[in-house]
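Scroll down for the structure; my scribbles are underneath it.
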Amino acid sequence: MIFQTLDDAMAAMKAASETGESIILQTTPDAIHYAGSLYILDIFKKVRVAYPSVKAEFIFDCGDAGAEVIAAMQDGHKTIKSSAKPEIRAKLKSIAQQYGVNFIETAE
């Protein structure tokens, strides 16, 4: 489920809690450019605390960003989606492995 706000994420987690299903929460495309890493990480942490029994994966869509993605990894994001240029994605993927981050590549 793609979410835009904390309320969206909470509603999705509540629904998953009620059905007992796992969920994937992903930020809107290019969220890194308008929301920022720490803001998104705070949302992920709040929904995890509110619904600790829900098996959830949180994906931070970083679009075509470069250096900002490294900062997101350092901040603590565990799954990052990138549509950066192939040569940048290759470098980011290598760095993601060092941080133990799941790195999802998408075409430009």
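We name chains A, B, ... following the order of the structure tokens; residues begin at 1 in each chain, and ligands are numbered from 1 as shown.
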
| said: For the helix (DSSP H, G or I) assignment from backbone DSSP, which residues of chain A qualify? Please present them as a PyMOL selection string. | reply: chain A and resi 6-19+31-34+37-50+67-75+86-99

Residues from last step as file, C-alpha atoms, as a PDB file, in the first residue's frame:
```
ATOM      1  CA  LEU A   6       0.762   9.008   9.155  1.00  0.00           C
ATOM      2  CA  ASP A   7      -3.028   8.581   9.191  1.00  0.00           C
ATOM      3  CA  ASP A   8      -2.871   6.581   5.932  1.00  0.00           C
ATOM      4  CA  ALA A   9      -0.153   4.327   7.341  1.00  0.00           C
ATOM      5  CA  MET A  10      -2.010   3.831  10.631  1.00  0.00           C
ATOM      6  CA  ALA A  11      -5.222   2.905   8.814  1.00  0.00           C
ATOM      7  CA  ALA A  12      -3.383   0.357   6.681  1.00  0.00           C
ATOM      8  CA  MET A  13      -1.687  -1.158   9.727  1.00  0.00           C
ATOM      9  CA  LYS A  14      -5.007  -1.306  11.570  1.00  0.00           C
ATOM     10  CA  ALA A  15      -6.582  -3.175   8.671  1.00  0.00           C
ATOM     11  CA  ALA A  16      -3.650  -5.595   8.545  1.00  0.00           C
ATOM     12  CA  SER A  17      -3.949  -6.097  12.290  1.00  0.00           C
ATOM     13  CA  GLU A  18      -7.621  -6.941  11.994  1.00  0.00           C
ATOM     14  CA  THR A  19      -7.118  -9.438   9.161  1.00  0.00           C
ATOM     15  CA  ALA A  31       9.155  10.898  -1.183  1.00  0.00           C
ATOM     16  CA  ILE A  32      12.753  11.677  -0.285  1.00  0.00           C
ATOM     17  CA  HIS A  33      12.487  14.923  -2.263  1.00  0.00           C
ATOM     18  CA  TYR A  34       9.575  16.381  -0.323  1.00  0.00           C
ATOM     19  CA  SER A  37      14.336  10.670   5.545  1.00  0.00           C
ATOM     20  CA  LEU A  38      13.777  11.345   9.235  1.00  0.00           C
ATOM     21  CA  TYR A  39      10.151  12.369   8.756  1.00  0.00           C
ATOM     22  CA  ILE A  40       9.398   9.105   6.939  1.00  0.00           C
ATOM     23  CA  LEU A  41      11.398   7.062   9.435  1.00  0.00           C
ATOM     24  CA  ASP A  42       9.356   8.633  12.232  1.00  0.00           C
ATOM     25  CA  ILE A  43       6.144   7.478  10.528  1.00  0.00           C
ATOM     26  CA  PHE A  44       7.530   3.949  10.190  1.00  0.00           C
ATOM     27  CA  LYS A  45       8.500   3.897  13.866  1.00  0.00           C
ATOM     28  CA  LYS A  46       5.121   5.217  15.037  1.00  0.00           C
ATOM     29  CA  VAL A  47       3.109   2.634  13.120  1.00  0.00           C
ATOM     30  CA  ARG A  48       5.455  -0.143  14.255  1.00  0.00           C
ATOM     31  CA  VAL A  49       4.921   0.884  17.905  1.00  0.00           C
ATOM     32  CA  ALA A  50       1.159   1.184  17.440  1.00  0.00           C
ATOM     33  CA  ALA A  67      23.610  11.255  -1.783  1.00  0.00           C
ATOM     34  CA  GLU A  68      20.321  11.632   0.089  1.00  0.00           C
ATOM     35  CA  VAL A  69      19.851   7.860  -0.189  1.00  0.00           C
ATOM     36  CA  ILE A  70      23.096   7.270   1.685  1.00  0.00           C
ATOM     37  CA  ALA A  71      21.866   9.565   4.455  1.00  0.00           C
ATOM     38  CA  ALA A  72      18.590   7.597   4.572  1.00  0.00           C
ATOM     39  CA  MET A  73      20.572   4.395   5.037  1.00  0.00           C
ATOM     40  CA  GLN A  74      22.573   6.028   7.819  1.00  0.00           C
ATOM     41  CA  ASP A  75      19.332   7.235   9.413  1.00  0.00           C
ATOM     42  CA  PRO A  86      22.170   2.964 -13.495  1.00  0.00           C
ATOM     43  CA  GLU A  87      25.710   4.002 -12.534  1.00  0.00           C
ATOM     44  CA  ILE A  88      24.436   5.724  -9.377  1.00  0.00           C
ATOM     45  CA  ARG A  89      22.177   2.776  -8.516  1.00  0.00           C
ATOM     46  CA  ALA A  90      25.156   0.433  -8.754  1.00  0.00           C
ATOM     47  CA  LYS A  91      27.081   2.511  -6.225  1.00  0.00           C
ATOM     48  CA  LEU A  92      24.057   2.865  -3.954  1.00  0.00           C
ATOM     49  CA  LYS A  93      23.413  -0.873  -4.100  1.00  0.00           C
ATOM     50  CA  SER A  94      26.987  -1.546  -2.998  1.00  0.00           C
ATOM     51  CA  ILE A  95      26.637   0.896  -0.095  1.00  0.00           C
ATOM     52  CA  ALA A  96      23.258  -0.630   0.815  1.00  0.00           C
ATOM     53  CA  GLN A  97      24.907  -4.039   1.155  1.00  0.00           C
ATOM     54  CA  GLN A  98      27.395  -2.542   3.620  1.00  0.00           C
ATOM     55  CA  TYR A  99      24.513  -1.164   5.718  1.00  0.00           C
TER      56      TYR A  99
END
```

| request: Could you give me the residues within region 51-90 of chain A that DSSP places in strand (DSSP E or B), as a VMD selection string? | output: chain A and resid 56 to 61 79 to 82

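Take CA of Gly63 (chain A) and CA of Tyr51 (chain A): the distance between them is 27.7 Å.
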